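Undergrad: Next comes the structure file upload-v2.cif, holding mmCIF, C-alpha atoms.
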```cif
data_input
#
loop_
_atom_site.group_PDB
_atom_site.id
_atom_site.type_symbol
_atom_site.label_atom_id
_atom_site.label_comp_id
_atom_site.auth_asym_id
_atom_site.auth_seq_id
_atom_site.Cartn_x
_atom_site.Cartn_y
_atom_site.Cartn_z
ATOM 1 C CA MET A 174 5.722 -11.633 29.173
ATOM 2 C CA ASP A 175 2.160 -10.387 29.656
ATOM 3 C CA ILE A 176 2.606 -7.700 27.043
ATOM 4 C CA ILE A 177 3.766 -10.213 24.453
ATOM 5 C CA ASP A 178 0.782 -12.349 25.313
ATOM 6 C CA LEU A 179 -1.536 -9.380 24.827
ATOM 7 C CA LEU A 180 0.087 -8.489 21.507
ATOM 8 C CA ARG A 181 -0.287 -12.043 20.253
ATOM 9 C CA ARG A 182 -4.049 -12.015 20.623
ATOM 10 C CA PRO A 183 -6.097 -10.677 17.697
ATOM 11 C CA TRP A 184 -6.359 -6.884 17.899
ATOM 12 C CA PRO A 185 -9.784 -5.267 18.147
ATOM 13 C CA TRP A 186 -10.790 -2.668 15.563
ATOM 14 C CA TYR A 187 -10.440 0.233 17.975
ATOM 15 C CA ILE A 188 -6.734 -0.510 18.398
ATOM 16 C CA ALA A 189 -5.854 -1.270 14.775
ATOM 17 C CA GLY A 190 -8.000 1.475 13.213
ATOM 18 C CA PRO A 191 -6.273 4.436 14.901
ATOM 19 C CA ILE A 192 -2.796 2.972 14.223
ATOM 20 C CA ILE A 193 -3.677 2.624 10.550
ATOM 21 C CA GLY A 194 -5.223 6.094 10.418
ATOM 22 C CA LEU A 195 -2.355 7.863 12.174
ATOM 23 C CA THR A 196 -0.057 6.603 9.436
ATOM 24 C CA VAL A 197 -1.440 9.409 7.268
ATOM 25 C CA PRO A 198 -0.252 12.348 9.437
ATOM 26 C CA ALA A 199 2.970 10.447 10.265
ATOM 27 C CA LEU A 200 3.893 10.142 6.570
ATOM 28 C CA LEU A 201 3.053 13.802 5.967
ATOM 29 C CA LEU A 202 5.320 14.855 8.826
ATOM 30 C CA MET A 203 8.089 12.638 7.558
ATOM 31 C CA GLY A 204 8.292 14.413 4.256
ATOM 32 C CA ASN A 205 4.919 15.314 2.709
ATOM 33 C CA LYS A 206 4.180 11.743 1.647
ATOM 34 C CA MET A 207 0.610 10.650 0.989
ATOM 35 C CA LEU A 208 -0.313 7.168 2.165
ATOM 36 C CA GLY A 209 -1.109 5.003 -0.851
ATOM 37 C CA ILE A 210 -0.129 1.414 -1.421
ATOM 38 C CA SER A 211 -1.318 0.595 -4.944
ATOM 39 C CA SER A 212 1.277 3.077 -6.275
ATOM 40 C CA THR A 213 3.967 0.629 -5.206
ATOM 41 C CA LEU A 214 2.716 -1.717 -7.939
ATOM 42 C CA ARG A 215 3.334 1.009 -10.509
ATOM 43 C CA HIS A 216 6.796 1.715 -9.119
ATOM 44 C CA VAL A 217 7.712 -1.975 -9.321
ATOM 45 C CA CYS A 218 6.527 -2.027 -12.958
ATOM 46 C CA ALA A 219 8.527 1.133 -13.694
ATOM 47 C CA MET A 220 11.573 -0.366 -11.991
ATOM 48 C CA CYS A 221 11.457 -3.821 -13.555
ATOM 49 C CA PHE A 222 9.691 -3.655 -16.930
ATOM 50 C CA PRO A 223 9.128 -0.078 -18.131
ATOM 51 C CA ALA A 224 9.262 -1.263 -21.791
ATOM 52 C CA ASN A 225 8.984 2.301 -23.095
ATOM 53 C CA VAL A 226 5.438 2.696 -21.791
ATOM 54 C CA PRO A 227 5.070 6.462 -21.174
ATOM 55 C CA PHE A 228 3.097 5.974 -17.918
ATOM 56 C CA LEU A 229 5.991 3.895 -16.592
ATOM 57 C CA LYS A 230 8.758 6.253 -17.641
ATOM 58 C CA TYR A 231 9.484 8.401 -14.628
ATOM 59 C CA ASN A 232 12.149 8.484 -11.988
ATOM 60 C CA TRP A 233 10.977 5.752 -9.636
ATOM 61 C CA ARG A 234 13.980 6.454 -7.435
ATOM 62 C CA ASP A 235 12.084 9.513 -6.163
ATOM 63 C CA LYS A 236 9.371 7.159 -4.924
ATOM 64 C CA LEU A 237 11.692 4.825 -3.097
ATOM 65 C CA TRP A 238 10.012 5.690 0.218
ATOM 66 C CA ASN A 239 6.894 3.947 -1.065
ATOM 67 C CA ILE A 240 8.860 0.774 -1.818
ATOM 68 C CA PHE A 241 10.379 0.879 1.665
ATOM 69 C CA PHE A 242 6.869 1.192 3.060
ATOM 70 C CA ALA A 243 5.862 -1.934 1.101
ATOM 71 C CA ILE A 244 8.897 -3.837 2.400
ATOM 72 C CA GLY A 245 7.687 -2.786 5.842
ATOM 73 C CA LEU A 246 4.324 -4.389 5.059
ATOM 74 C CA LEU A 247 6.091 -7.662 4.258
ATOM 75 C CA LEU A 248 7.988 -7.420 7.537
ATOM 76 C CA GLY A 249 4.795 -6.534 9.381
ATOM 77 C CA GLY A 250 3.166 -9.651 7.975
ATOM 78 C CA PHE A 251 6.072 -11.713 9.267
ATOM 79 C CA ILE A 252 6.075 -10.115 12.720
ATOM 80 C CA GLY A 253 2.292 -10.087 13.086
ATOM 81 C CA GLY A 254 1.626 -13.428 11.449
ATOM 82 C CA VAL A 255 4.620 -15.535 12.450
ATOM 83 C CA LEU A 256 6.351 -14.058 15.504
ATOM 84 C CA LEU A 257 3.105 -12.903 17.108
ATOM 85 C CA GLN A 258 0.971 -15.743 15.805
ATOM 86 C CA PRO A 259 -2.177 -15.992 17.949
ATOM 87 C CA ASP A 260 -3.371 -19.223 19.566
ATOM 88 C CA ALA A 261 -6.761 -18.692 17.961
ATOM 89 C CA LEU A 262 -8.281 -16.370 15.378
ATOM 90 C CA MET A 263 -11.183 -14.099 16.195
ATOM 91 C CA PRO A 264 -14.404 -16.069 15.772
ATOM 92 C CA LEU A 265 -16.138 -15.449 12.458
ATOM 93 C CA SER A 266 -19.834 -14.592 12.467
ATOM 94 C CA PRO A 267 -21.855 -17.864 12.404
ATOM 95 C CA ASP A 268 -23.848 -16.458 9.474
ATOM 96 C CA THR A 269 -20.659 -16.038 7.457
ATOM 97 C CA VAL A 270 -19.457 -19.527 8.395
ATOM 98 C CA ASN A 271 -22.803 -20.803 7.170
ATOM 99 C CA SER A 272 -22.869 -18.859 3.903
ATOM 100 C CA LEU A 273 -19.322 -19.931 3.117
ATOM 101 C CA GLN A 274 -19.976 -23.543 4.021
ATOM 102 C CA GLN A 275 -22.772 -23.593 1.465
ATOM 103 C CA LEU A 276 -20.154 -22.567 -1.085
ATOM 104 C CA GLY A 277 -17.897 -25.447 -0.079
ATOM 105 C CA ILE A 278 -15.547 -23.386 2.079
ATOM 106 C CA SER A 279 -14.749 -25.026 5.407
ATOM 107 C CA PRO A 280 -14.586 -22.920 8.599
ATOM 108 C CA GLN A 281 -11.454 -20.778 8.718
ATOM 109 C CA LYS A 282 -8.179 -22.249 9.855
ATOM 110 C CA GLY A 283 -6.013 -19.441 8.563
ATOM 111 C CA ILE A 284 -6.615 -16.170 6.782
ATOM 112 C CA LEU A 285 -7.178 -17.715 3.333
ATOM 113 C CA PRO A 286 -9.500 -20.607 2.438
ATOM 114 C CA VAL A 287 -7.372 -23.569 1.304
ATOM 115 C CA GLU A 288 -10.180 -24.736 -1.007
ATOM 116 C CA ILE A 289 -9.337 -21.819 -3.329
ATOM 117 C CA PHE A 290 -6.067 -20.224 -2.241
ATOM 118 C CA SER A 291 -3.627 -23.127 -2.229
ATOM 119 C CA TRP A 292 -1.267 -24.583 -4.809
ATOM 120 C CA ALA A 293 -3.215 -27.846 -4.736
ATOM 121 C CA HIS A 294 -6.523 -26.185 -5.633
ATOM 122 C CA LEU A 295 -5.434 -23.209 -7.721
ATOM 123 C CA PHE A 296 -5.513 -24.850 -11.122
ATOM 124 C CA THR A 297 -9.184 -24.938 -12.038
ATOM 125 C CA TRP A 298 -10.518 -22.158 -14.252
ATOM 126 C CA GLN A 299 -12.852 -20.901 -11.534
ATOM 127 C CA HIS A 300 -10.102 -20.653 -8.955
ATOM 128 C CA LEU A 301 -7.666 -19.087 -11.385
ATOM 129 C CA LEU A 302 -10.353 -16.532 -12.211
ATOM 130 C CA ILE A 303 -10.764 -15.731 -8.515
ATOM 131 C CA VAL A 304 -7.070 -15.605 -7.562
ATOM 132 C CA ALA A 305 -5.293 -14.434 -10.717
ATOM 133 C CA GLY A 306 -8.235 -12.716 -12.432
ATOM 134 C CA GLY A 307 -9.137 -10.973 -9.178
ATOM 135 C CA GLY A 308 -5.520 -9.963 -8.631
ATOM 136 C CA PHE A 309 -5.303 -8.592 -12.168
ATOM 137 C CA LEU A 310 -8.381 -6.425 -11.571
ATOM 138 C CA VAL A 311 -6.951 -5.183 -8.274
ATOM 139 C CA GLY A 312 -3.856 -3.954 -10.138
ATOM 140 C CA PHE A 313 -5.680 -2.663 -13.220
ATOM 141 C CA GLY A 314 -8.541 -1.053 -11.312
ATOM 142 C CA THR A 315 -6.518 0.669 -8.599
ATOM 143 C CA ARG A 316 -4.195 2.275 -11.133
ATOM 144 C CA TYR A 317 -7.131 3.285 -13.345
ATOM 145 C CA SER A 318 -8.824 4.927 -10.378
ATOM 146 C CA GLY A 319 -5.570 6.327 -9.011
ATOM 147 C CA GLY A 320 -5.773 4.636 -5.622
ATOM 148 C CA CYS A 321 -7.038 1.830 -3.447
ATOM 149 C CA THR A 322 -8.498 1.358 0.000
ATOM 150 C CA SER A 323 -5.566 3.209 1.562
ATOM 151 C CA GLY A 324 -5.063 5.983 -1.004
ATOM 152 C CA HIS A 325 -8.728 6.804 -1.537
ATOM 153 C CA GLY A 326 -10.447 5.215 1.443
ATOM 154 C CA ILE A 327 -8.114 6.489 4.147
ATOM 155 C CA SER A 328 -5.861 9.281 2.784
ATOM 156 C CA GLY A 329 -8.434 10.663 0.365
ATOM 157 C CA LEU A 330 -11.402 10.642 2.728
ATOM 158 C CA SER A 331 -9.478 12.038 5.681
ATOM 159 C CA THR A 332 -8.276 14.962 3.549
ATOM 160 C CA MET A 333 -11.830 15.446 2.232
ATOM 161 C CA GLN A 334 -11.227 14.903 -1.434
ATOM 162 C CA TRP A 335 -14.546 14.272 -3.125
ATOM 163 C CA PRO A 336 -13.112 12.191 -6.013
ATOM 164 C CA SER A 337 -11.877 9.768 -3.345
ATOM 165 C CA LEU A 338 -15.349 9.630 -1.823
ATOM 166 C CA VAL A 339 -16.766 8.716 -5.228
ATOM 167 C CA ALA A 340 -14.069 6.049 -5.640
ATOM 168 C CA THR A 341 -14.578 4.614 -2.135
ATOM 169 C CA ILE A 342 -18.358 4.348 -2.516
ATOM 170 C CA LEU A 343 -17.943 2.663 -5.890
ATOM 171 C CA PHE A 344 -15.314 0.086 -4.926
ATOM 172 C CA PHE A 345 -17.235 -0.821 -1.792
ATOM 173 C CA THR A 346 -20.438 -1.243 -3.794
ATOM 174 C CA SER A 347 -18.696 -3.244 -6.469
ATOM 175 C CA GLY A 348 -16.948 -5.423 -3.854
ATOM 176 C CA ILE A 349 -20.219 -6.106 -2.037
ATOM 177 C CA LEU A 350 -21.989 -7.081 -5.265
ATOM 178 C CA THR A 351 -19.087 -9.269 -6.379
ATOM 179 C CA ALA A 352 -18.752 -11.127 -3.075
ATOM 180 C CA ASN A 353 -22.493 -11.750 -2.819
ATOM 181 C CA PHE A 354 -23.404 -12.508 -6.423
ATOM 182 C CA ILE A 355 -20.370 -13.309 -8.590
ATOM 183 C CA LEU A 356 -18.226 -15.282 -6.138
ATOM 184 C CA PRO A 357 -21.030 -17.813 -5.431
ATOM 185 C CA LEU A 358 -21.359 -18.461 -9.190
ATOM 186 C CA LEU A 359 -17.670 -19.324 -9.380
ATOM 187 C CA LEU A 360 -17.745 -21.619 -6.372
ATOM 188 C CA LYS A 361 -20.810 -23.695 -7.164
ATOM 189 C CA MET B 106 22.336 6.903 -2.249
ATOM 190 C CA MET B 107 20.000 5.397 0.263
ATOM 191 C CA LYS B 108 18.533 7.980 2.561
ATOM 192 C CA LYS B 109 18.302 7.257 6.262
ATOM 193 C CA ARG B 110 14.761 8.532 6.113
ATOM 194 C CA ASN B 111 13.771 5.450 4.145
ATOM 195 C CA PHE B 112 14.215 3.354 7.264
ATOM 196 C CA LEU B 113 11.592 5.479 8.972
ATOM 197 C CA PHE B 114 9.211 4.695 6.112
ATOM 198 C CA LEU B 115 10.087 1.030 6.498
ATOM 199 C CA LEU B 116 9.275 1.255 10.196
ATOM 200 C CA ILE B 117 5.906 2.941 9.594
ATOM 201 C CA GLY B 118 5.098 0.307 6.953
ATOM 202 C CA THR B 119 5.992 -2.420 9.431
ATOM 203 C CA LEU B 120 3.644 -1.020 12.071
ATOM 204 C CA PHE B 121 0.907 -0.630 9.467
ATOM 205 C CA GLY B 122 1.457 -4.220 8.377
ATOM 206 C CA ILE B 123 1.363 -5.575 11.933
ATOM 207 C CA ALA B 124 -1.891 -3.696 12.564
ATOM 208 C CA LEU B 125 -3.444 -5.112 9.367
ATOM 209 C CA MET B 126 -2.283 -8.613 10.238
ATOM 210 C CA LYS B 127 -3.259 -8.639 13.905
ATOM 211 C CA SER B 128 -6.691 -7.123 13.259
ATOM 212 C CA GLU B 129 -7.284 -9.757 10.545
ATOM 213 C CA ALA B 130 -7.882 -7.044 7.955
ATOM 214 C CA VAL B 131 -5.834 -9.277 5.643
ATOM 215 C CA SER B 132 -8.194 -12.226 6.097
ATOM 216 C CA TRP B 133 -10.316 -13.347 3.173
ATOM 217 C CA PHE B 134 -12.871 -14.693 5.658
ATOM 218 C CA ARG B 135 -13.085 -11.401 7.551
ATOM 219 C CA MET B 136 -13.515 -9.567 4.262
ATOM 220 C CA GLN B 137 -16.352 -11.862 3.178
ATOM 221 C CA GLU B 138 -17.961 -11.216 6.553
ATOM 222 C CA MET B 139 -17.798 -7.473 5.894
ATOM 223 C CA PHE B 140 -19.103 -7.743 2.320
ATOM 224 C CA ARG B 141 -22.101 -9.656 3.701
ATOM 225 C CA PHE B 142 -22.670 -7.131 6.530
ATOM 226 C CA GLN B 143 -22.300 -9.929 9.067
ATOM 227 C CA GLY B 144 -19.490 -8.519 11.190
ATOM 228 C CA PHE B 145 -18.212 -5.174 12.428
ATOM 229 C CA GLN B 146 -14.420 -5.667 12.617
ATOM 230 C CA ILE B 147 -13.453 -4.260 9.209
ATOM 231 C CA PHE B 148 -16.059 -1.485 9.284
ATOM 232 C CA GLY B 149 -14.815 -0.595 12.760
ATOM 233 C CA ILE B 150 -11.211 -0.367 11.536
ATOM 234 C CA PHE B 151 -12.267 1.863 8.665
ATOM 235 C CA MET B 152 -14.503 4.037 10.807
ATOM 236 C CA THR B 153 -11.756 4.684 13.353
ATOM 237 C CA ALA B 154 -8.894 4.974 10.835
ATOM 238 C CA VAL B 155 -10.451 7.799 8.810
ATOM 239 C CA PRO B 156 -11.293 10.095 11.770
ATOM 240 C CA SER B 157 -7.879 9.378 13.381
ATOM 241 C CA ALA B 158 -6.184 10.450 10.173
ATOM 242 C CA ALA B 159 -8.437 13.500 9.908
ATOM 243 C CA ILE B 160 -7.742 14.568 13.499
ATOM 244 C CA GLY B 161 -4.008 14.186 12.907
ATOM 245 C CA ILE B 162 -4.215 16.354 9.808
ATOM 246 C CA PHE B 163 -6.364 18.902 11.611
ATOM 247 C CA LEU B 164 -3.704 19.162 14.334
ATOM 248 C CA ILE B 165 -0.934 19.489 11.752
ATOM 249 C CA LYS B 166 -2.796 22.440 10.223
ATOM 250 C CA LYS B 167 -3.840 23.973 13.535
ATOM 251 C CA LEU B 168 -0.334 23.826 14.991
ATOM 252 C CA LYS B 169 1.232 24.667 11.618
ATOM 253 C CA LEU B 170 3.575 21.707 11.962
ATOM 254 C CA LYS B 171 6.356 21.247 9.419
ATOM 255 C CA THR B 172 7.984 18.160 7.958
ATOM 256 C CA LEU B 173 11.216 16.782 9.424
ATOM 257 C CA ASP B 174 13.016 18.860 6.787
ATOM 258 C CA GLY B 175 11.217 21.993 7.912
ATOM 259 C CA GLU B 176 8.966 22.257 4.856
ATOM 260 C CA PRO B 177 5.339 23.283 5.171
ATOM 261 C CA ILE B 178 2.885 20.395 4.914
ATOM 262 C CA LYS B 179 1.022 20.382 1.633
ATOM 263 C CA ILE B 180 -1.773 18.098 0.575
ATOM 264 C CA GLU B 181 -2.328 17.786 -3.142
ATOM 265 C CA LYS B 182 -5.889 18.093 -4.359
ATOM 266 C CA LYS B 183 -7.138 15.279 -6.556
ATOM 267 C CA GLU B 184 -8.718 16.279 -9.865
ATOM 268 C CA PHE B 185 -11.747 14.227 -10.795
ATOM 269 C CA ASN B 186 -11.697 12.186 -13.988
ATOM 270 C CA TRP B 187 -13.885 9.285 -15.074
ATOM 271 C CA GLY B 188 -11.067 6.862 -14.382
ATOM 272 C CA TYR B 189 -12.067 7.101 -10.714
ATOM 273 C CA VAL B 190 -15.417 5.600 -11.643
ATOM 274 C CA TYR B 191 -14.377 2.866 -14.090
ATOM 275 C CA GLY B 192 -11.251 1.981 -12.133
ATOM 276 C CA SER B 193 -12.996 1.723 -8.779
ATOM 277 C CA LEU B 194 -15.713 -0.511 -10.189
ATOM 278 C CA LEU B 195 -13.067 -2.864 -11.617
ATOM 279 C CA PHE B 196 -10.982 -2.781 -8.459
ATOM 280 C CA GLY B 197 -14.105 -3.659 -6.436
ATOM 281 C CA ILE B 198 -14.603 -6.818 -8.480
ATOM 282 C CA GLY B 199 -11.027 -7.890 -7.818
ATOM 283 C CA TRP B 200 -11.363 -7.006 -4.136
ATOM 284 C CA GLY B 201 -14.599 -8.973 -3.795
ATOM 285 C CA LEU B 202 -12.955 -12.058 -5.302
ATOM 286 C CA THR B 203 -9.507 -12.030 -3.721
ATOM 287 C CA GLY B 204 -10.569 -10.295 -0.503
ATOM 288 C CA ALA B 205 -7.321 -8.392 -0.797
ATOM 289 C CA CYS B 206 -6.494 -4.807 -1.601
ATOM 290 C CA PRO B 207 -2.833 -4.045 -2.360
ATOM 291 C CA GLY B 208 -1.687 -3.611 1.273
ATOM 292 C CA PRO B 209 -2.935 -6.990 2.491
ATOM 293 C CA ILE B 210 -1.317 -8.767 -0.484
ATOM 294 C CA TYR B 211 2.129 -7.756 0.799
ATOM 295 C CA VAL B 212 1.203 -8.604 4.386
ATOM 296 C CA GLN B 213 -0.086 -12.057 3.395
ATOM 297 C CA ILE B 214 3.164 -12.828 1.578
ATOM 298 C CA GLY B 215 5.172 -11.646 4.590
ATOM 299 C CA SER B 216 3.166 -13.936 6.843
ATOM 300 C CA GLY B 217 4.354 -16.868 4.758
ATOM 301 C CA LEU B 218 1.457 -17.426 2.349
ATOM 302 C CA SER B 219 3.267 -18.230 -0.889
ATOM 303 C CA ILE B 220 -0.013 -18.483 -2.824
ATOM 304 C CA SER B 221 -0.469 -14.709 -2.404
ATOM 305 C CA ILE B 222 2.512 -14.269 -4.731
ATOM 306 C CA VAL B 223 0.066 -15.279 -7.475
ATOM 307 C CA ILE B 224 -2.202 -12.373 -6.455
ATOM 308 C CA LEU B 225 0.762 -9.973 -6.391
ATOM 309 C CA VAL B 226 2.107 -11.035 -9.778
ATOM 310 C CA SER B 227 -1.400 -10.772 -11.260
ATOM 311 C CA ALA B 228 -1.851 -7.314 -9.739
ATOM 312 C CA LEU B 229 1.498 -6.243 -11.227
ATOM 313 C CA ALA B 230 0.339 -7.570 -14.594
ATOM 314 C CA GLY B 231 -2.909 -5.614 -14.224
ATOM 315 C CA THR B 232 -1.004 -2.450 -13.377
ATOM 316 C CA TRP B 233 1.287 -2.930 -16.364
ATOM 317 C CA VAL B 234 -1.574 -3.571 -18.789
ATOM 318 C CA TYR B 235 -3.407 -0.478 -17.517
ATOM 319 C CA SER B 236 -0.235 1.580 -17.981
ATOM 320 C CA TYR B 237 0.109 0.280 -21.529
ATOM 321 C CA LEU B 238 -3.534 0.891 -22.452
ATOM 322 C CA LYS B 239 -3.880 4.203 -20.599
ATOM 323 C CA PRO B 240 -3.819 6.455 -23.683
ATOM 324 C CA ARG B 241 -6.649 4.452 -25.247
ATOM 325 C CA LEU B 242 -8.916 4.177 -22.179
ATOM 326 C CA PRO B 243 -11.692 6.671 -21.345
ATOM 327 C CA HIS B 244 -10.823 8.972 -18.415
#
```
For the structure just supplied, provide its representation as structure tokens.
TA:
Amino acid sequence: MDIIDLLRRPWPWYIAGPIIGLTVPALLLMGNKMLGISSTLRHVCAMCFPANVPFLKYNWRDKLWNIFFAIGLLLGGFIGGVLLQPDALMPLSPDTVNSLQQLGISPQKGILPVEIFSWAHLFTWQHLLIVAGGGFLVGFGTRYSGGCTSGHGISGLSTMQWPSLVATILFFTSGILTANFILPLLLK
Amino acid sequence: MMKKRNFLFLLIGTLFGIALMKSEAVSWFRMQEMFRFQGFQIFGIFMTAVPSAAIGIFLIKKLKLKTLDGEPIKIEKKEFNWGYVYGSLLFGIGWGLTGACPGPIYVQIGSGLSISIVILVSALAGTWVYSYLKPRLPH
């Protein structure tokens, strides 16, 4: 009982970080697979609507492991978010609560702010730009750069690939600038 | 034919997803906190994940470990092209807005947030449009 209780509480970074990191050697040992999640988006496109696009014409069946990994992520979200739902979230920094409140975002109740990410509030052009426009850029940008936070940030950096270092520095910088300067314009 | 091995990949993905969920690395709020340098949680995850992965890989090399099929471990080198630059800058904009990179999108959906399906579908559209335009984009 105590263990379940412990698991239900939010996990500190020093527990989650190593688990996430050790995924890289685990996947290599399981069959020379490189951790990378944005590739699953390409495989789904290749599987469902290849439409004769050369970049989508390959044997996605060889990459099925990646799809299984993504299904695992869905399951992990269910186990971690529903079965092991915590009584309370980790407190957010008061400064962040303040900055977000000035943008009309109420203190967190879940992991997404309902003022933007909910069916009731999605259909304004600003919110569509954030949710759908942002999502589009996540898909477009990660494929253009050949990886995301996991593929470049974790796999790439831990195997000391300098193109991944370039990518990681740039998407962090771009994310920081966007969150601080573009997001406020869309929310006010 | 479905390989049994795929269930191992499913299991690893599940653990990865639980870790992302329970550490709130899938939270838009937590991500905004990081982007504003107001909290340590996400930086801490990143700063422990990378060395853990590196130590694991170091041990694999040191002990000359093989895959489950007995093959030598090989890590492909990435070749730089300018797509890394343009793509990462665009991805960063999307990340700053949605607070989600591809992994967390799946985890959010699994945790029951149907609105994240909009992010996923948009990301698939973005991936498809990139694939279509690839020959005409600078790399």
Undergrad: Evaluate the PyMOL selection byres ((chain B and resi 235) around 10) here and jot the selected residues down as an NGL selection string.
TA: (:A and (215 or 228 or 309-310 or 312-317)) or (:B and (192 or 229-234 or 236-242))
Undergrad: Return as a ChimeraX atom specification the set of residues that the PyMOL selection byres ((chain B and resi 178-185) around 10) yields on the displayed structure.
TA: /A:198,201-207,318-319,325,328-329,332-337,339-340 /B:162,165-166,169-172,175-177,186-190,244
Undergrad: Within 12 Å of (-23.9, -9.1, 6.2) (coordinates as in the file), grab all the protein and nucleic acid residues, counting all atoms listed in the file, and write them out as an NGL selection string.
TA: (:A and (265-272 or 349-350 or 352-353)) or (:B and (135-148))
Undergrad: Considering all atoms listed in the file, can you say which of A:Phe242, A:Phe354, A:Phe296, A:Trp233 comes closest to chain B?
TA: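 Closest to chain B, using all atoms listed in the file: A:Phe242.
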Undergrad: Work out how far apart CA of Met220 in chain A and CA of Asn232 in chain A are and give it in Å to one decimal.
TA: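 CA of Asn232 in chain A lies at a distance of 8.9 Å from CA of Met220 in chain A.
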Undergrad: So the first atom is CA of Ile176 in chain A and the second is CA of Phe134 in chain B; what is the distance between them in Å, to one decimal place?
TA: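 Straight-line distance from CA of Ile176 in chain A to CA of Phe134 in chain B works out to 27.3 Å.
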Undergrad: Determine, for each residue of range 167-243 of chain B having at least one atom at most 9 Å from an atom of range 124-127 of chain B, the closest pair of atoms and their separation in Å to one decimal, counting all atoms listed in the file; order by chain and ascending number, as a Markdown table.
TA:
```
| residue | atom | partner | partner_atom | distance |
| --- | --- | --- | --- | --- |
| B:Gly208 | CA | B:Leu125 | CA | 8.4 |
| B:Pro209 | CA | B:Leu125 | CA | 7.1 |
| B:Val212 | CA | B:Met126 | CA | 6.8 |
| B:Gln213 | CA | B:Met126 | CA | 8.0 |
| B:Ser216 | CA | B:Met126 | CA | 8.3 |
```
Undergrad: Grab the CA of Gly283 in chain A to CA of Leu218 in chain B distance for me, in Å with one decimal place.
TA: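 Taking CA of Gly283 in chain A and CA of Leu218 in chain B, their separation equals 9.9 Å.
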Undergrad: So what does the PyMOL selection byres ((chain A and resi 189) around 9) actually pick up in this one, as a list in words?
TA: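 What the PyMOL selection byres ((chain A and resi 189) around 9) grabs from the file is Trp184, Pro185, Trp186, Tyr187, Ile188, Gly190, Pro191, Ile192, Ile193 and Gly194 of chain A; Phe121, Ile123, Ala124, Leu125, Lys127, Ser128, Ile150, Thr153 and Ala154 of chain B.
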Undergrad: Between A:Ala293, A:Val311, A:Ile355, A:Met263, which is the closest to chain B once you count only C-alpha atoms?
TA: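 Checking each of A:Ala293, A:Val311, A:Ile355, A:Met263 against chain B, counting only C-alpha atoms, the winner is A:Val311.
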Undergrad: Choose the residue, out of A:His300, A:Phe222, A:Ala305, A:Leu208, that has the smallest atom-to-atom separation from chain B; count all atoms listed in the file.
TA: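 Among A:His300, A:Phe222, A:Ala305, A:Leu208, it is A:Ala305 that comes nearest to chain B.
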